[in-house]
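Peer 1: Quick one, entry.cif (mmCIF, C-alpha atoms):
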```cif
data_coords
#
loop_
_atom_site.label_atom_id
_atom_site.label_comp_id
_atom_site.auth_asym_id
_atom_site.auth_seq_id
_atom_site.Cartn_x
_atom_site.Cartn_y
_atom_site.Cartn_z
CA LEU A 18 0.00 0.00 0.00
CA GLY A 19 1.35 3.42 -0.94
CA THR A 20 0.53 6.81 -2.37
CA LYS A 21 0.07 7.34 -6.12
CA ASP A 22 3.50 9.03 -6.04
CA GLY A 23 5.10 5.78 -4.91
CA VAL A 24 5.59 6.57 -1.20
CA PHE A 25 5.42 3.31 0.77
CA LEU A 26 2.80 3.23 3.55
CA ALA A 27 2.11 -0.37 4.56
CA SER A 28 2.55 -4.00 3.65
CA GLY A 29 -0.19 -6.58 3.97
CA ASP A 30 -1.96 -9.70 2.83
CA LEU A 31 -5.20 -10.74 1.18
CA LEU A 32 -6.26 -14.05 2.73
CA GLN A 33 -9.19 -16.25 1.71
CA VAL A 34 -10.39 -19.33 3.58
CA ALA A 35 -13.30 -21.64 2.72
CA ARG A 36 -15.41 -22.67 5.72
CA ASP A 37 -18.37 -24.96 5.06
CA ARG A 38 -20.41 -23.08 2.41
CA GLU A 39 -18.87 -19.69 3.10
CA ILE A 40 -15.70 -17.85 2.04
CA GLU A 41 -13.89 -15.60 4.50
CA SER A 42 -11.86 -12.90 2.73
CA ARG A 43 -9.55 -10.80 4.91
CA MET A 44 -7.34 -7.89 3.80
CA VAL A 45 -4.84 -6.67 6.39
CA PHE A 46 -2.37 -3.76 6.14
CA ARG A 47 0.18 -2.97 8.85
CA PHE A 48 1.58 0.54 8.51
CA LYS A 49 5.09 1.80 9.22
CA ASP A 50 3.68 4.11 11.89
CA GLY A 51 1.92 1.25 13.71
CA SER A 52 -1.52 1.83 12.20
CA LEU A 53 -3.73 -1.12 11.25
CA PHE A 54 -6.32 -1.69 8.51
CA ASP A 55 -8.09 -5.04 8.97
CA GLU A 56 -11.13 -5.78 6.78
CA THR A 57 -13.03 -9.09 6.72
CA ALA A 58 -15.93 -10.03 4.46
CA VAL A 59 -17.71 -13.39 4.74
CA PHE A 60 -19.74 -14.34 1.68
CA THR A 61 -21.40 -17.20 -0.16
CA GLN A 62 -21.07 -17.85 -3.89
CA GLU A 63 -23.88 -20.18 -4.87
CA HIS A 64 -24.88 -18.92 -8.35
CA LYS A 65 -24.21 -15.36 -7.15
CA PHE A 66 -22.10 -13.58 -4.55
CA THR A 67 -23.91 -12.69 -1.32
CA LEU A 68 -22.23 -10.82 1.53
CA GLN A 69 -23.12 -12.45 4.85
CA SER A 70 -21.09 -10.35 7.30
CA TYR A 71 -18.58 -7.52 7.28
CA HIS A 72 -16.06 -6.36 9.89
CA LEU A 73 -13.56 -3.50 9.68
CA VAL A 74 -10.93 -2.25 12.12
CA GLN A 75 -8.97 0.97 11.46
CA SER A 76 -6.59 2.21 14.12
CA GLY A 77 -3.54 4.41 14.46
CA PRO A 78 -2.35 7.80 13.18
CA ALA A 79 -2.88 6.92 9.50
CA PHE A 80 -6.63 7.39 10.11
CA PRO A 81 -8.55 10.41 11.46
CA GLU A 82 -10.01 8.27 14.26
CA ASP A 83 -9.99 4.67 15.46
CA THR A 84 -13.00 2.82 14.04
CA GLU A 85 -14.56 -0.62 14.37
CA ILE A 86 -17.51 -1.50 12.12
CA SER A 87 -19.61 -4.66 11.98
CA LEU A 88 -22.53 -5.52 9.69
CA GLN A 89 -24.66 -8.70 9.58
CA ARG A 90 -26.96 -9.66 6.69
CA ALA A 91 -29.16 -12.14 8.58
CA SER A 92 -30.23 -9.66 11.25
CA GLY A 93 -29.49 -6.42 9.38
CA LYS A 94 -27.71 -5.18 12.48
CA TYR A 95 -24.77 -2.81 12.29
CA ARG A 96 -22.47 -1.40 14.95
CA VAL A 97 -20.01 1.49 14.53
CA LYS A 98 -17.59 2.31 17.34
CA THR A 99 -15.32 5.34 16.97
CA LYS A 100 -12.64 6.78 19.22
CA ALA A 101 -11.43 10.35 18.70
CA ARG A 102 -7.70 10.85 18.25
CA LYS A 103 -7.53 14.09 20.27
CA ASP A 104 -9.47 13.43 23.45
CA GLY A 105 -10.06 9.66 23.34
CA ARG A 106 -13.84 10.13 23.38
CA GLU A 107 -15.72 7.01 22.28
CA GLU A 108 -19.04 6.89 20.45
CA VAL A 109 -21.14 3.86 19.53
CA LEU A 110 -23.85 3.82 16.84
CA GLU A 111 -26.12 0.78 16.47
CA GLY A 112 -29.16 -0.01 14.36
CA LYS A 113 -30.60 -2.10 11.54
CA LEU A 114 -30.39 -1.85 7.75
CA ASP A 115 -32.49 -3.45 5.03
CA LEU A 116 -29.69 -4.74 2.79
CA PRO A 117 -30.26 -5.42 -0.93
CA PRO A 118 -28.74 -8.69 -2.21
CA ASP A 119 -25.88 -6.92 -4.04
CA VAL A 120 -24.20 -5.11 -1.11
CA TYR A 121 -20.48 -5.86 -1.57
CA ASN A 122 -18.48 -4.14 1.17
CA GLY A 123 -15.02 -5.69 1.22
CA MET A 124 -15.77 -7.61 -1.99
CA VAL A 125 -15.44 -5.16 -4.88
CA LEU A 126 -12.13 -6.66 -6.02
CA THR A 127 -13.66 -10.15 -5.97
CA VAL A 128 -16.67 -8.95 -7.96
CA ALA A 129 -14.44 -7.16 -10.51
CA LYS A 130 -12.43 -10.33 -11.11
CA ASN A 131 -15.64 -12.21 -11.92
CA LEU A 132 -17.30 -9.78 -14.32
CA ARG A 133 -17.72 -11.00 -17.88
CA LYS A 134 -15.24 -9.41 -20.25
CA GLY A 135 -16.43 -6.03 -21.46
CA VAL A 136 -19.52 -6.09 -19.22
CA GLY A 137 -20.17 -3.74 -16.33
CA GLU A 138 -22.55 -3.94 -13.39
CA THR A 139 -24.09 -1.67 -10.77
CA VAL A 140 -23.92 -2.86 -7.15
CA HIS A 141 -24.26 -1.32 -3.68
CA ILE A 142 -21.90 -0.51 -0.84
CA VAL A 143 -22.65 0.77 2.65
CA ALA A 144 -20.67 3.94 3.43
CA PHE A 145 -20.23 4.63 7.14
CA THR A 146 -20.06 8.37 7.93
CA PRO A 147 -20.30 7.02 10.75
CA LYS A 148 -24.04 6.74 10.06
CA PRO A 149 -24.50 4.05 7.36
CA LEU A 150 -25.58 5.22 3.89
CA LEU A 151 -26.45 2.83 1.05
CA ILE A 152 -24.77 3.97 -2.18
CA LYS A 153 -24.92 2.62 -5.72
CA LEU A 154 -21.54 1.84 -7.29
CA LYS A 155 -21.21 1.41 -11.06
CA LEU A 156 -18.48 -1.03 -12.13
CA ALA A 157 -17.59 -0.26 -15.74
CA PRO A 158 -14.74 -1.46 -18.00
CA ALA A 159 -12.57 1.43 -19.20
CA GLY A 160 -10.13 -0.10 -21.66
CA GLU A 161 -7.25 -2.56 -21.62
CA HIS A 162 -3.56 -2.25 -20.73
CA LYS A 163 -0.54 -4.49 -21.22
CA VAL A 164 1.24 -5.61 -18.05
CA LEU A 165 4.28 -7.79 -17.49
CA VAL A 166 4.19 -10.85 -15.23
CA GLY A 167 7.86 -11.75 -15.08
CA GLU A 168 8.75 -11.68 -18.78
CA LEU A 169 5.26 -12.59 -19.97
CA ALA A 170 2.97 -9.94 -21.44
CA LYS A 171 -0.61 -10.07 -20.15
CA THR A 172 -3.75 -8.05 -20.83
CA ALA A 173 -5.28 -6.19 -17.90
CA THR A 174 -8.78 -4.74 -17.97
CA HIS A 175 -9.15 -1.34 -16.33
CA PHE A 176 -12.38 -0.96 -14.34
CA VAL A 177 -13.74 2.32 -12.99
CA PHE A 178 -15.94 2.08 -9.88
CA GLU A 179 -18.10 5.20 -10.00
CA PRO A 180 -20.48 6.22 -7.17
CA GLN A 181 -23.86 6.92 -8.77
CA PRO A 182 -25.92 10.09 -8.19
CA GLY A 183 -28.87 9.72 -5.88
CA MET A 184 -30.38 10.96 -2.64
CA TRP A 185 -27.90 9.12 -0.41
CA LEU A 186 -24.87 10.08 -2.49
CA THR A 187 -25.96 13.74 -2.40
CA LEU A 188 -26.19 13.53 1.40
CA PHE A 189 -22.84 11.73 1.49
CA ALA A 190 -21.26 14.51 -0.58
CA LYS A 191 -22.70 17.18 1.72
CA LEU A 192 -21.25 15.41 4.76
CA LEU A 193 -17.83 15.20 3.09
CA GLY A 194 -17.92 18.63 1.49
CA ARG A 195 -17.18 16.97 -1.87
CA MET A 196 -18.22 14.07 -4.07
CA PRO A 197 -16.39 10.82 -3.33
CA PRO A 198 -13.75 10.00 -5.98
CA ASP A 199 -13.95 7.14 -8.46
CA TYR A 200 -12.10 3.92 -7.69
CA HIS A 201 -9.83 2.33 -10.30
CA VAL A 202 -9.01 -1.39 -10.53
CA TRP A 203 -6.87 -3.35 -12.98
CA VAL A 204 -7.48 -7.09 -13.44
CA VAL A 205 -5.61 -9.51 -15.70
CA THR A 206 -8.28 -11.31 -17.71
CA ASP A 207 -6.16 -13.91 -19.54
CA GLU A 208 -7.31 -17.40 -18.50
CA LEU A 209 -7.91 -17.08 -14.73
CA PRO A 210 -8.60 -13.49 -13.54
CA ALA A 211 -5.96 -11.95 -11.27
CA PHE A 212 -5.72 -8.66 -9.38
CA VAL A 213 -3.09 -6.16 -10.59
CA ARG A 214 -3.69 -2.75 -8.99
CA PHE A 215 -6.20 -0.62 -7.08
CA ASP A 216 -6.35 3.20 -6.79
CA GLY A 217 -8.85 4.73 -4.38
CA PRO A 218 -9.59 5.68 -0.77
CA LEU A 219 -9.67 2.96 1.89
CA TYR A 220 -11.94 4.93 4.22
CA THR A 221 -14.62 7.63 4.04
CA ALA A 222 -13.15 10.97 2.91
CA GLY A 223 -9.69 9.39 2.82
CA PRO A 224 -6.90 10.11 0.33
CA VAL A 225 -6.42 8.08 -2.85
CA TRP A 226 -3.97 5.27 -2.09
CA ARG A 227 -2.59 2.53 -4.32
CA ILE A 228 -2.55 -1.22 -3.69
CA GLU A 229 -0.13 -3.29 -5.77
CA LEU A 230 1.22 -6.82 -5.59
CA THR A 231 4.64 -7.61 -4.18
CA SER A 232 6.67 -10.82 -4.26
CA PRO A 233 8.68 -12.78 -1.67
CA ARG A 234 12.43 -12.17 -1.91
#
```
Take the structure in the file and write it out as structure tokens.
Peer 2:
Amino acid sequence: LGTKDGVFLASGDLLQVARDREIESRMVFRFKDGSLFDETAVFTQEHKFTLQSYHLVQSGPAFPEDTEISLQRASGKYRVKTKARKDGREEVLEGKLDLPPDVYNGMVLTVAKNLRKGVGETVHIVAFTPKPLLIKLKLAPAGEHKVLVGELAKTATHFVFEPQPGMWLTLFAKLLGRMPPDYHVWVVTDELPAFVRFDGPLYTAGPVWRIELTSPR
């Protein structure tokens, strides 16, 4: 994880484990300054992807405040716990959401890898401000690029994830003071799909950061 200018911020892992009929996907970044980004999505994939639960922990000086978020599909319950950086004040927000079937928090990279070539899709994500807002996200192909895997040339599809206008996005923009930026993802589509790069914010109103693959050495 780094800035678009190439400044290193954190190293991490994307881990996936199959348990019974569910897949647990966990992305963890540990920052140089001791901060932590730990996101877990549990989903099923019988004929279509369905998010079952979501959990996110953000802590340390890389983030404006320490945050822990949980969301459950079966009950619709959510819980947002925040702790202010300045005075240590904690706040807890709890409630219920009616989730559509295509809510994909923590899963947008998985969904992008499984889109049919040249075909886009519109899905939903829940943005926590910290109050949860349901926002439409358009996943659209935006051309192809050549990438090198070792010495082999591969074709990567560039996807743009664009928040769609609507009542909730307008409210979201008012809370932020600006419209949220587009996300950009590159996926190799030769044979089996593989992640290449991601450009976008990792948290609400955050800066645009870049995720790229690294190799053991």
Peer 1: Convert the output of the PyMOL selection byres ((chain A and resi 177) around 7) on the shown file into explicit residues, formatted as a short mmCIF file (atom, residue, chain, number, x, y, z; two decimals) with C-alpha atoms, in the coordinates of the input.
Peer 2:
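Result file is expr.cif:
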```cif
data_model
loop_
_atom_site.label_atom_id
_atom_site.label_comp_id
_atom_site.auth_asym_id
_atom_site.auth_seq_id
_atom_site.Cartn_x
_atom_site.Cartn_y
_atom_site.Cartn_z
CA LEU A 156 -18.48 -1.03 -12.13
CA ALA A 157 -17.59 -0.26 -15.74
CA PRO A 158 -14.74 -1.46 -18.00
CA ALA A 159 -12.57 1.43 -19.20
CA HIS A 175 -9.15 -1.34 -16.33
CA PHE A 176 -12.38 -0.96 -14.34
CA PHE A 178 -15.94 2.08 -9.88
CA GLU A 179 -18.10 5.20 -10.00
CA ASP A 199 -13.95 7.14 -8.46
CA TYR A 200 -12.10 3.92 -7.69
CA HIS A 201 -9.83 2.33 -10.30
CA VAL A 202 -9.01 -1.39 -10.53
#
```
Peer 1: Identify the residues around (5.8, -3.0, -0.7) within a radius of 12 Å, measuring from all atoms listed in the file in the coordinates stated by the file, and give them as a PDB file with C-alpha atoms, in the frame of the given file.
Peer 2:
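Listing of selection_28.pdb after writing:
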```pdb
ATOM      1  CA  LEU A  18       0.000   0.000   0.000  1.00  0.00           C
ATOM      2  CA  GLY A  19       1.350   3.420  -0.940  1.00  0.00           C
ATOM      3  CA  THR A  20       0.530   6.810  -2.370  1.00  0.00           C
ATOM      4  CA  GLY A  23       5.100   5.780  -4.910  1.00  0.00           C
ATOM      5  CA  VAL A  24       5.590   6.570  -1.200  1.00  0.00           C
ATOM      6  CA  PHE A  25       5.420   3.310   0.770  1.00  0.00           C
ATOM      7  CA  LEU A  26       2.800   3.230   3.550  1.00  0.00           C
ATOM      8  CA  ALA A  27       2.110  -0.370   4.560  1.00  0.00           C
ATOM      9  CA  SER A  28       2.550  -4.000   3.650  1.00  0.00           C
ATOM     10  CA  GLY A  29      -0.190  -6.580   3.970  1.00  0.00           C
ATOM     11  CA  ASP A  30      -1.960  -9.700   2.830  1.00  0.00           C
ATOM     12  CA  PHE A  46      -2.370  -3.760   6.140  1.00  0.00           C
ATOM     13  CA  ARG A  47       0.180  -2.970   8.850  1.00  0.00           C
ATOM     14  CA  PHE A  48       1.580   0.540   8.510  1.00  0.00           C
ATOM     15  CA  LYS A  49       5.090   1.800   9.220  1.00  0.00           C
ATOM     16  CA  ARG A 227      -2.590   2.530  -4.320  1.00  0.00           C
ATOM     17  CA  ILE A 228      -2.550  -1.220  -3.690  1.00  0.00           C
ATOM     18  CA  GLU A 229      -0.130  -3.290  -5.770  1.00  0.00           C
ATOM     19  CA  LEU A 230       1.220  -6.820  -5.590  1.00  0.00           C
ATOM     20  CA  THR A 231       4.640  -7.610  -4.180  1.00  0.00           C
ATOM     21  CA  SER A 232       6.670 -10.820  -4.260  1.00  0.00           C
ATOM     22  CA  PRO A 233       8.680 -12.780  -1.670  1.00  0.00           C
ATOM     23  CA  ARG A 234      12.430 -12.170  -1.910  1.00  0.00           C
TER      24      ARG A 234
END
```
Peer 1: Closest to Glu39 (chain A) among A:Pro117, A:Glu63, A:Lys21, A:Lys134, using all atoms listed in the file?
Peer 2: A:Glu63
Peer 1: Would you write out, as a list in words, every residue that the PyMOL selection byres ((chain A and resi 208) around 12) captures in this file?
Peer 2: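 Listing what the PyMOL selection byres ((chain A and resi 208) around 12) selects in the shown file: Lys130, Asn131, Lys134, Lys171, Thr172, Ala173, Val204, Val205, Thr206, Asp207, Leu209, Pro210 and Ala211 of chain A.
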Peer 1: Report, in Å with one decimal, the straight-line distance from CA of Val125 (chain A) to CA of Glu108 (chain A).
Peer 2: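 Those two atoms sit 28.3 Å apart.
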Peer 1: I need the residue nearest Val120 (chain A) from this list: A:Gly137, A:Pro224, A:Gly160, A:Gly93. Use all atoms listed in the file for the distance.
Peer 2: A:Gly93
Peer 1: Enumerate, as a ChimeraX atom specification, the residues matched when the PyMOL selection byres ((chain A and resi 121-123) around 9) is run on the file above.
Peer 2: /A:42-44,56-59,66-68,71-73,118-120,124-128,140-144
Peer 1: Please write the residues from the selection above to a file, keeping C-alpha atoms, as a PDB file, in the frame of the given file.
Peer 2:
```pdb
ATOM      1  CA  SER A  42     -11.860 -12.900   2.730  1.00  0.00           C
ATOM      2  CA  ARG A  43      -9.550 -10.800   4.910  1.00  0.00           C
ATOM      3  CA  MET A  44      -7.340  -7.890   3.800  1.00  0.00           C
ATOM      4  CA  GLU A  56     -11.130  -5.780   6.780  1.00  0.00           C
ATOM      5  CA  THR A  57     -13.030  -9.090   6.720  1.00  0.00           C
ATOM      6  CA  ALA A  58     -15.930 -10.030   4.460  1.00  0.00           C
ATOM      7  CA  VAL A  59     -17.710 -13.390   4.740  1.00  0.00           C
ATOM      8  CA  PHE A  66     -22.100 -13.580  -4.550  1.00  0.00           C
ATOM      9  CA  THR A  67     -23.910 -12.690  -1.320  1.00  0.00           C
ATOM     10  CA  LEU A  68     -22.230 -10.820   1.530  1.00  0.00           C
ATOM     11  CA  TYR A  71     -18.580  -7.520   7.280  1.00  0.00           C
ATOM     12  CA  HIS A  72     -16.060  -6.360   9.890  1.00  0.00           C
ATOM     13  CA  LEU A  73     -13.560  -3.500   9.680  1.00  0.00           C
ATOM     14  CA  PRO A 118     -28.740  -8.690  -2.210  1.00  0.00           C
ATOM     15  CA  ASP A 119     -25.880  -6.920  -4.040  1.00  0.00           C
ATOM     16  CA  VAL A 120     -24.200  -5.110  -1.110  1.00  0.00           C
ATOM     17  CA  MET A 124     -15.770  -7.610  -1.990  1.00  0.00           C
ATOM     18  CA  VAL A 125     -15.440  -5.160  -4.880  1.00  0.00           C
ATOM     19  CA  LEU A 126     -12.130  -6.660  -6.020  1.00  0.00           C
ATOM     20  CA  THR A 127     -13.660 -10.150  -5.970  1.00  0.00           C
ATOM     21  CA  VAL A 128     -16.670  -8.950  -7.960  1.00  0.00           C
ATOM     22  CA  VAL A 140     -23.920  -2.860  -7.150  1.00  0.00           C
ATOM     23  CA  HIS A 141     -24.260  -1.320  -3.680  1.00  0.00           C
ATOM     24  CA  ILE A 142     -21.900  -0.510  -0.840  1.00  0.00           C
ATOM     25  CA  VAL A 143     -22.650   0.770   2.650  1.00  0.00           C
ATOM     26  CA  ALA A 144     -20.670   3.940   3.430  1.00  0.00           C
TER      27      ALA A 144
END
```
Peer 1: Tell me, as a PyMOL selection string, which residues lie within 8 Å of region 74-86 of chain A, counting only C-alpha atoms; anything in the same chain fewer than 5 positions away does not count.
Peer 2: chain A and resi 48+50-56+95-102
Peer 1: When you draw a straight line from CA of Ser87 (chain A) to CA of Lys113 (chain A), how long is it in Å?
Peer 2: 11.3 Å
Peer 1: Take every atom of region 55-66 of chain A listed in the file, fit an axis-aligned box around them, add 4 Å per side, and give the centre and edge lengths in Å to one decimal as lines of an AutoDock Vina configuration file.
Peer 2:
```
center_x = -16.5
center_y = -12.6
center_z = 0.3
size_x = 24.8
size_y = 23.1
size_z = 25.3
```
Peer 1: Quick one: distance from CA of Leu116 (chain A) to CA of Arg90 (chain A) in Å, one decimal?
Peer 2: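 Interatomic distance here is 6.8 Å.
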Peer 1: Out of A:Phe212, A:Gln89, A:Leu151, A:Leu219, which residue has the shortest atom-to-atom distance to Val45 (chain A) when counting only C-alpha atoms?
Peer 2: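 Of A:Phe212, A:Gln89, A:Leu151, A:Leu219, the one nearest Val45 (chain A), counting only C-alpha atoms, is A:Leu219.
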Peer 1: Go through A:Leu31, A:Lys94, A:His162, A:Leu154 one by one, measure the shortest atom-to-atom distance of each to Ser70 (chain A) using only C-alpha atoms, and give the residue with the smallest value.
Peer 2: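 Selected residue with least distance to Ser70 (chain A): A:Lys94.
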